[in-house]
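Novice: Next comes input.cif, mmCIF, C-alpha atoms:
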data_work
loop_
_atom_site.label_atom_id
_atom_site.label_comp_id
_atom_site.auth_asym_id
_atom_site.auth_seq_id
_atom_site.Cartn_x
_atom_site.Cartn_y
_atom_site.Cartn_z
CA MET S 20 0.00 0.00 0.00
CA PHE S 21 0.95 3.63 -0.30
CA GLY S 22 2.41 5.35 2.70
CA PRO S 23 1.46 8.92 3.70
CA SER S 24 4.50 10.36 1.91
CA ARG S 25 3.81 8.52 -1.34
CA THR S 26 0.10 9.46 -1.25
CA ARG S 27 1.00 13.13 -0.82
CA THR S 28 3.43 12.91 -3.73
CA VAL S 29 0.81 11.34 -6.02
CA LEU S 30 -1.86 13.86 -4.97
CA GLY S 31 0.62 16.71 -5.46
CA CYS S 32 1.48 15.49 -8.98
CA VAL S 33 -2.22 15.18 -9.86
CA ALA S 34 -2.92 18.67 -8.51
CA VAL S 35 -0.02 20.19 -10.48
CA ALA S 36 -1.13 18.36 -13.65
CA LEU S 37 -4.70 19.65 -13.24
CA LEU S 38 -3.49 23.19 -12.58
CA LEU S 39 -1.20 23.13 -15.64
CA SER S 40 -4.02 21.73 -17.76
CA LEU S 41 -6.36 24.48 -16.59
CA LEU S 42 -3.79 27.22 -17.26
CA ILE S 43 -2.96 25.86 -20.73
CA LYS S 44 -6.66 25.56 -21.65
CA THR S 45 -7.48 29.00 -20.30
CA PHE S 46 -4.60 30.99 -21.76
CA LEU S 47 -2.77 29.06 -24.49
CA VAL S 48 -4.51 26.32 -26.47
CA GLN S 49 -7.93 24.73 -26.24
CA VAL S 50 -9.51 21.98 -28.30
CA PHE S 51 -12.97 22.73 -29.70
CA VAL S 52 -15.50 20.52 -31.43
CA ILE S 53 -16.92 21.90 -34.68
CA PRO S 54 -20.66 22.16 -33.89
CA SER S 55 -22.14 22.40 -37.38
CA GLY S 56 -21.52 21.70 -41.03
CA SER S 57 -20.96 25.36 -41.88
CA MET S 58 -17.32 24.77 -42.81
CA MET S 59 -17.85 21.75 -45.07
CA GLY S 60 -14.86 21.29 -47.32
CA THR S 61 -12.45 22.55 -44.69
CA LEU S 62 -13.92 21.19 -41.48
CA GLN S 63 -16.66 18.65 -40.85
CA LYS S 64 -19.19 18.52 -38.03
CA ASP S 65 -17.60 16.97 -34.91
CA ASP S 66 -14.00 17.61 -36.04
CA ARG S 67 -11.65 18.68 -33.26
CA VAL S 68 -9.45 21.73 -33.76
CA ALA S 69 -6.69 23.21 -31.61
CA VAL S 70 -7.34 26.92 -31.08
CA ASP S 71 -4.63 29.46 -30.27
CA LYS S 72 -6.02 31.50 -27.38
CA PHE S 73 -2.74 33.26 -26.60
CA SER S 74 -2.54 35.56 -29.65
CA PRO S 75 -5.73 37.49 -28.78
CA TRP S 76 -4.25 38.14 -25.32
CA LEU S 77 -1.37 39.85 -27.12
CA GLY S 78 -3.82 42.01 -29.06
CA GLU S 79 -3.73 40.11 -32.36
CA ARG S 80 -6.96 40.55 -34.30
CA PRO S 81 -8.39 38.05 -36.80
CA HIS S 82 -7.33 38.43 -40.41
CA ARG S 83 -9.06 37.63 -43.68
CA GLY S 84 -9.11 33.90 -44.41
CA GLU S 85 -8.37 32.66 -40.90
CA VAL S 86 -10.56 30.04 -39.29
CA VAL S 87 -11.69 31.49 -35.96
CA VAL S 88 -13.70 30.18 -33.05
CA PHE S 89 -16.12 32.65 -31.53
CA GLU S 90 -18.88 32.87 -28.96
CA ASP S 91 -22.28 32.38 -30.57
CA PRO S 92 -23.42 36.01 -31.06
CA GLY S 93 -27.12 35.30 -30.83
CA GLY S 94 -28.48 31.79 -31.24
CA TRP S 95 -26.85 30.98 -34.59
CA LEU S 96 -26.63 27.30 -33.76
CA THR S 97 -30.14 27.05 -32.33
CA GLY S 98 -32.00 29.49 -34.54
CA PRO S 99 -34.87 28.33 -36.74
CA THR S 100 -34.35 27.57 -40.39
CA GLY S 101 -37.17 28.80 -42.56
CA SER S 102 -38.68 26.56 -45.23
CA GLY S 103 -38.11 29.27 -47.83
CA GLY S 104 -34.39 29.03 -47.14
CA VAL S 105 -34.45 25.24 -47.53
CA LEU S 106 -36.52 25.42 -50.74
CA GLN S 107 -34.28 28.12 -52.17
CA GLY S 108 -31.21 26.10 -51.21
CA VAL S 109 -32.49 22.99 -53.00
CA LEU S 110 -33.57 24.91 -56.10
CA SER S 111 -30.30 26.85 -56.29
CA HIS S 112 -28.35 23.61 -55.90
CA LEU S 113 -30.28 22.19 -58.87
CA GLY S 114 -29.61 25.35 -60.85
CA LEU S 115 -33.28 26.32 -61.00
CA MET S 116 -32.94 29.41 -58.83
CA PRO S 117 -30.05 31.72 -57.99
CA ALA S 118 -28.49 31.56 -54.55
CA ALA S 119 -29.91 34.15 -52.16
CA PRO S 120 -27.57 37.19 -52.60
CA VAL S 121 -26.94 39.40 -49.60
CA GLY S 122 -25.70 42.30 -51.68
CA THR S 123 -23.15 44.84 -50.51
CA VAL S 124 -22.65 44.83 -46.78
CA LYS S 125 -20.55 47.27 -44.78
CA VAL S 126 -19.07 45.53 -41.77
CA PRO S 127 -19.08 47.89 -38.79
CA ALA S 128 -15.83 48.62 -36.99
CA GLY S 129 -15.21 46.11 -34.23
CA PHE S 130 -17.13 43.33 -35.99
CA LEU S 131 -16.34 40.44 -38.33
CA TRP S 132 -18.15 38.94 -41.30
CA VAL S 133 -17.64 35.17 -41.03
CA MET S 134 -18.21 32.76 -43.86
CA GLY S 135 -18.63 29.04 -43.99
CA ASP S 136 -20.30 27.38 -46.93
CA HIS S 137 -23.87 28.64 -46.35
CA ARG S 138 -25.20 27.47 -43.00
CA ASN S 139 -24.96 29.52 -39.84
CA ASP S 140 -22.56 32.05 -41.31
CA SER S 141 -22.87 35.81 -41.68
CA ARG S 142 -24.67 35.58 -45.03
CA TYR S 143 -27.33 33.27 -43.64
CA GLN S 144 -27.78 35.40 -40.53
CA GLN S 145 -28.01 38.61 -42.61
CA LEU S 146 -30.72 37.12 -44.83
CA HIS S 147 -32.79 35.84 -41.93
CA ASN S 148 -32.13 38.67 -39.51
CA PRO S 149 -31.11 41.93 -41.22
CA ALA S 150 -29.71 43.28 -37.95
CA GLY S 151 -27.59 40.14 -37.57
CA GLY S 152 -24.72 38.57 -39.38
CA PHE S 153 -21.87 40.29 -37.61
CA VAL S 154 -19.62 38.79 -34.95
CA PRO S 155 -18.13 41.18 -32.39
CA VAL S 156 -14.32 40.94 -32.50
CA ASP S 157 -14.42 40.68 -28.70
CA ASP S 158 -16.37 37.40 -29.08
CA VAL S 159 -13.45 35.74 -30.91
CA ILE S 160 -11.90 33.11 -28.69
CA GLY S 161 -8.96 32.42 -30.97
CA ARG S 162 -7.71 31.14 -34.30
CA ALA S 163 -7.99 27.46 -35.18
CA ARG S 164 -4.45 26.37 -36.06
CA VAL S 165 -4.62 22.57 -36.34
CA LEU S 166 -7.24 19.98 -37.23
CA LEU S 167 -6.52 17.29 -34.63
CA TRP S 168 -9.31 14.77 -35.07
CA PRO S 169 -10.10 12.57 -36.88
CA ALA S 170 -6.46 11.52 -36.94
CA ASP S 171 -6.49 10.52 -40.62
CA ARG S 172 -7.25 14.16 -41.56
CA TRP S 173 -4.73 15.81 -39.21
CA THR S 174 -3.44 19.01 -40.79
CA THR S 175 -2.59 22.61 -40.09
CA LEU S 176 -5.14 25.30 -41.01
CA PRO S 177 -3.19 27.99 -42.88
CA VAL S 178 -4.80 30.94 -44.62
CA PRO S 179 -5.56 29.84 -48.21
CA ASP S 180 -3.69 31.74 -50.95
CA THR S 181 -7.00 32.98 -52.36
CA PHE S 182 -7.37 35.27 -49.33
CA THR S 183 -4.05 37.02 -49.84
CA HIS S 184 -5.41 38.79 -52.93
CA LEU S 185 -7.99 41.46 -52.26
CA GLY S 186 -10.33 41.91 -55.15
#
Spell out the structure here as structure tokens.
Specialist:
Amino acid sequence: MFGPSRTRTVLGCVAVALLLSLLIKTFLVQVFVIPSGSMMGTLQKDDRVAVDKFSPWLGERPHRGEVVVFEDPGGWLTGPTGSGGVLQGVLSHLGLMPAAPVGTVKVPAGFLWVMGDHRNDSRYQQLHNPAGGFVPVDDVIGRARVLLWPADRWTTLPVPDTFTHLG
């Protein structure tokens, strides 16, 4: 059996490990589960990504083309989906109707316009809630740097070259 000294050593190691884990998760890197299919092509629902939480602490702001994790700014993941949106989506996929254009949008200072493929992104939110669609920069938790899981798709998440050219 363990003696009092050995028990204290084990408990101390467990406490230090838990404290380090908490500090790392709080300030450096945290793993998040992708909650929806809005990033299909890059990320799938239930993928796990490692998010850099340290850079925002240093004042780094998100840049065009980065994959960011943010606090849900208003029920994006639980909001209703209208049947008109579903019908339009099916018809536009078949080529029988154009995709719902948002038009020109001016993103207010201090906010982001986030884009996935078409679900639960800024375009969808703007169409279904004209006052919505913007994510406060302060709601950004960090930048997703690595796709960790599933293991067979492990990769880094760099900014695609297409985003380096403003047009």
Novice: Mind giving me the straight-line distance from CA of Ser55 in chain S to CA of Arg67 in chain S in Å, one decimal?
Specialist: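 Spanning CA of Ser55 in chain S to CA of Arg67 in chain S is a straight-line distance of 11.9 Å.
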Novice: With the file shown as input, list the residues that the PyMOL selection byres ((chain S and resi 162-165) around 8) selects, as a PDB file with C-alpha atoms, in the frame of the given file.
Specialist:
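And here is the file that came out, expr.pdb:
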ATOM      1  CA  VAL S  68      -9.450  21.730 -33.760  1.00  0.00           C
ATOM      2  CA  ALA S  69      -6.690  23.210 -31.610  1.00  0.00           C
ATOM      3  CA  VAL S  70      -7.340  26.920 -31.080  1.00  0.00           C
ATOM      4  CA  ASP S  71      -4.630  29.460 -30.270  1.00  0.00           C
ATOM      5  CA  LYS S  72      -6.020  31.500 -27.380  1.00  0.00           C
ATOM      6  CA  PRO S  81      -8.390  38.050 -36.800  1.00  0.00           C
ATOM      7  CA  GLU S  85      -8.370  32.660 -40.900  1.00  0.00           C
ATOM      8  CA  VAL S  86     -10.560  30.040 -39.290  1.00  0.00           C
ATOM      9  CA  VAL S  87     -11.690  31.490 -35.960  1.00  0.00           C
ATOM     10  CA  VAL S  88     -13.700  30.180 -33.050  1.00  0.00           C
ATOM     11  CA  ILE S 160     -11.900  33.110 -28.690  1.00  0.00           C
ATOM     12  CA  GLY S 161      -8.960  32.420 -30.970  1.00  0.00           C
ATOM     13  CA  LEU S 166      -7.240  19.980 -37.230  1.00  0.00           C
ATOM     14  CA  LEU S 167      -6.520  17.290 -34.630  1.00  0.00           C
ATOM     15  CA  TRP S 173      -4.730  15.810 -39.210  1.00  0.00           C
ATOM     16  CA  THR S 174      -3.440  19.010 -40.790  1.00  0.00           C
ATOM     17  CA  THR S 175      -2.590  22.610 -40.090  1.00  0.00           C
ATOM     18  CA  LEU S 176      -5.140  25.300 -41.010  1.00  0.00           C
ATOM     19  CA  PRO S 177      -3.190  27.990 -42.880  1.00  0.00           C
TER      20      PRO S 177
END
Novice: To one decimal place in Å, what is the distance between CA of Ala170 in chain S and CA of Gly60 in chain S?
Specialist: 16.5 Å
Novice: How would you write, as a PDB file with C-alpha atoms, keeping the file's coordinate frame, the residues chosen by the PyMOL selection byres ((chain S and resi 130) around 8) on this structure?
Specialist:
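For reference, part33.pdb as written:
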ATOM      1  CA  VAL S 126     -19.070  45.530 -41.770  1.00  0.00           C
ATOM      2  CA  PRO S 127     -19.080  47.890 -38.790  1.00  0.00           C
ATOM      3  CA  ALA S 128     -15.830  48.620 -36.990  1.00  0.00           C
ATOM      4  CA  GLY S 129     -15.210  46.110 -34.230  1.00  0.00           C
ATOM      5  CA  LEU S 131     -16.340  40.440 -38.330  1.00  0.00           C
ATOM      6  CA  TRP S 132     -18.150  38.940 -41.300  1.00  0.00           C
ATOM      7  CA  PHE S 153     -21.870  40.290 -37.610  1.00  0.00           C
ATOM      8  CA  VAL S 154     -19.620  38.790 -34.950  1.00  0.00           C
ATOM      9  CA  PRO S 155     -18.130  41.180 -32.390  1.00  0.00           C
ATOM     10  CA  VAL S 156     -14.320  40.940 -32.500  1.00  0.00           C
TER      11      VAL S 156
END
Novice: Calculate how many Å separate CA of Val133 in chain S from CA of Val159 in chain S, rounding to one decimal.
Specialist: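 About the pair CA of Val133 in chain S and CA of Val159 in chain S: they are 11.0 Å apart.
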Novice: From the list S:Asp91, S:Asp171, S:Asp140, S:Asp180, which residue is nearest Asp157 in chain S when using all atoms listed in the file?
Specialist: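 Closest residue, counting all atoms listed in the file: S:Asp91.
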Novice: Since the input lacks atoms, please generate all heavy atoms for range 152-163 of chain S and provide them as a PDB file, keeping the file's coordinate frame.
Specialist:
ATOM      1  N   GLY S 152     -25.744  38.917 -38.419  1.00  0.00           N
ATOM      2  CA  GLY S 152     -24.720  38.570 -39.380  1.00  0.00           C
ATOM      3  C   GLY S 152     -23.321  38.989 -38.998  1.00  0.00           C
ATOM      4  O   GLY S 152     -22.360  38.556 -39.622  1.00  0.00           O
ATOM      5  N   PHE S 153     -23.191  39.826 -38.001  1.00  0.00           N
ATOM      6  CA  PHE S 153     -21.870  40.290 -37.610  1.00  0.00           C
ATOM      7  C   PHE S 153     -21.458  39.666 -36.285  1.00  0.00           C
ATOM      8  O   PHE S 153     -22.278  39.480 -35.399  1.00  0.00           O
ATOM      9  CB  PHE S 153     -21.854  41.821 -37.478  1.00  0.00           C
ATOM     10  CG  PHE S 153     -22.307  42.526 -38.722  1.00  0.00           C
ATOM     11  CD1 PHE S 153     -23.507  43.194 -38.762  1.00  0.00           C
ATOM     12  CD2 PHE S 153     -21.524  42.482 -39.868  1.00  0.00           C
ATOM     13  CE1 PHE S 153     -23.929  43.837 -39.909  1.00  0.00           C
ATOM     14  CE2 PHE S 153     -21.944  43.123 -41.036  1.00  0.00           C
ATOM     15  CZ  PHE S 153     -23.145  43.795 -41.048  1.00  0.00           C
ATOM     16  N   VAL S 154     -20.165  39.361 -36.181  1.00  0.00           N
ATOM     17  CA  VAL S 154     -19.620  38.790 -34.950  1.00  0.00           C
ATOM     18  C   VAL S 154     -18.725  39.847 -34.308  1.00  0.00           C
ATOM     19  O   VAL S 154     -17.775  40.318 -34.941  1.00  0.00           O
ATOM     20  CB  VAL S 154     -18.787  37.525 -35.238  1.00  0.00           C
ATOM     21  CG1 VAL S 154     -18.130  37.001 -33.971  1.00  0.00           C
ATOM     22  CG2 VAL S 154     -19.652  36.452 -35.886  1.00  0.00           C
ATOM     23  N   PRO S 155     -19.014  40.240 -33.063  1.00  0.00           N
ATOM     24  CA  PRO S 155     -18.130  41.180 -32.390  1.00  0.00           C
ATOM     25  C   PRO S 155     -16.706  40.608 -32.264  1.00  0.00           C
ATOM     26  O   PRO S 155     -16.537  39.435 -31.903  1.00  0.00           O
ATOM     27  CB  PRO S 155     -18.756  41.357 -31.007  1.00  0.00           C
ATOM     28  CG  PRO S 155     -20.182  40.932 -31.180  1.00  0.00           C
ATOM     29  CD  PRO S 155     -20.160  39.857 -32.234  1.00  0.00           C
ATOM     30  N   VAL S 156     -15.710  41.390 -32.603  1.00  0.00           N
ATOM     31  CA  VAL S 156     -14.320  40.940 -32.500  1.00  0.00           C
ATOM     32  C   VAL S 156     -14.025  40.454 -31.083  1.00  0.00           C
ATOM     33  O   VAL S 156     -13.283  39.487 -30.888  1.00  0.00           O
ATOM     34  CB  VAL S 156     -13.340  42.058 -32.928  1.00  0.00           C
ATOM     35  CG1 VAL S 156     -11.906  41.672 -32.630  1.00  0.00           C
ATOM     36  CG2 VAL S 156     -13.500  42.374 -34.408  1.00  0.00           C
ATOM     37  N   ASP S 157     -14.647  41.083 -30.090  1.00  0.00           N
ATOM     38  CA  ASP S 157     -14.420  40.680 -28.700  1.00  0.00           C
ATOM     39  C   ASP S 157     -14.968  39.285 -28.400  1.00  0.00           C
ATOM     40  O   ASP S 157     -14.611  38.695 -27.380  1.00  0.00           O
ATOM     41  CB  ASP S 157     -15.043  41.684 -27.740  1.00  0.00           C
ATOM     42  CG  ASP S 157     -14.303  43.021 -27.759  1.00  0.00           C
ATOM     43  OD1 ASP S 157     -13.131  43.047 -28.197  1.00  0.00           O
ATOM     44  OD2 ASP S 157     -14.903  44.024 -27.343  1.00  0.00           O
ATOM     45  N   ASP S 158     -15.842  38.751 -29.268  1.00  0.00           N
ATOM     46  CA  ASP S 158     -16.370  37.400 -29.080  1.00  0.00           C
ATOM     47  C   ASP S 158     -15.457  36.318 -29.656  1.00  0.00           C
ATOM     48  O   ASP S 158     -15.725  35.129 -29.513  1.00  0.00           O
ATOM     49  CB  ASP S 158     -17.756  37.264 -29.727  1.00  0.00           C
ATOM     50  CG  ASP S 158     -18.842  37.944 -28.912  1.00  0.00           C
ATOM     51  OD1 ASP S 158     -18.534  38.487 -27.826  1.00  0.00           O
ATOM     52  OD2 ASP S 158     -20.004  37.929 -29.367  1.00  0.00           O
ATOM     53  N   VAL S 159     -14.385  36.721 -30.342  1.00  0.00           N
ATOM     54  CA  VAL S 159     -13.450  35.740 -30.910  1.00  0.00           C
ATOM     55  C   VAL S 159     -12.622  35.150 -29.791  1.00  0.00           C
ATOM     56  O   VAL S 159     -11.993  35.867 -29.009  1.00  0.00           O
ATOM     57  CB  VAL S 159     -12.550  36.382 -31.987  1.00  0.00           C
ATOM     58  CG1 VAL S 159     -11.466  35.407 -32.433  1.00  0.00           C
ATOM     59  CG2 VAL S 159     -13.386  36.833 -33.173  1.00  0.00           C
ATOM     60  N   ILE S 160     -12.656  33.836 -29.714  1.00  0.00           N
ATOM     61  CA  ILE S 160     -11.900  33.110 -28.690  1.00  0.00           C
ATOM     62  C   ILE S 160     -10.462  32.899 -29.161  1.00  0.00           C
ATOM     63  O   ILE S 160      -9.525  33.004 -28.386  1.00  0.00           O
ATOM     64  CB  ILE S 160     -12.570  31.757 -28.399  1.00  0.00           C
ATOM     65  CG1 ILE S 160     -13.937  32.008 -27.760  1.00  0.00           C
ATOM     66  CG2 ILE S 160     -11.699  30.883 -27.501  1.00  0.00           C
ATOM     67  CD1 ILE S 160     -14.824  30.786 -27.693  1.00  0.00           C
ATOM     68  N   GLY S 161     -10.288  32.623 -30.435  1.00  0.00           N
ATOM     69  CA  GLY S 161      -8.960  32.420 -30.970  1.00  0.00           C
ATOM     70  C   GLY S 161      -9.010  31.862 -32.379  1.00  0.00           C
ATOM     71  O   GLY S 161     -10.079  31.612 -32.935  1.00  0.00           O
ATOM     72  N   ARG S 162      -7.836  31.663 -32.936  1.00  0.00           N
ATOM     73  CA  ARG S 162      -7.710  31.140 -34.300  1.00  0.00           C
ATOM     74  C   ARG S 162      -7.461  29.639 -34.246  1.00  0.00           C
ATOM     75  O   ARG S 162      -6.618  29.160 -33.485  1.00  0.00           O
ATOM     76  CB  ARG S 162      -6.545  31.820 -35.000  1.00  0.00           C
ATOM     77  CG  ARG S 162      -6.335  31.259 -36.378  1.00  0.00           C
ATOM     78  CD  ARG S 162      -5.234  31.953 -37.130  1.00  0.00           C
ATOM     79  NE  ARG S 162      -5.010  31.224 -38.371  1.00  0.00           N
ATOM     80  CZ  ARG S 162      -3.897  31.284 -39.052  1.00  0.00           C
ATOM     81  NH1 ARG S 162      -2.909  32.060 -38.651  1.00  0.00           N
ATOM     82  NH2 ARG S 162      -3.774  30.592 -40.150  1.00  0.00           N
ATOM     83  N   ALA S 163      -8.220  28.905 -35.067  1.00  0.00           N
ATOM     84  CA  ALA S 163      -7.990  27.460 -35.180  1.00  0.00           C
ATOM     85  C   ALA S 163      -6.716  27.265 -35.986  1.00  0.00           C
ATOM     86  O   ALA S 163      -6.588  27.763 -37.103  1.00  0.00           O
ATOM     87  CB  ALA S 163      -9.181  26.788 -35.861  1.00  0.00           C
TER      88      ALA S 163
END
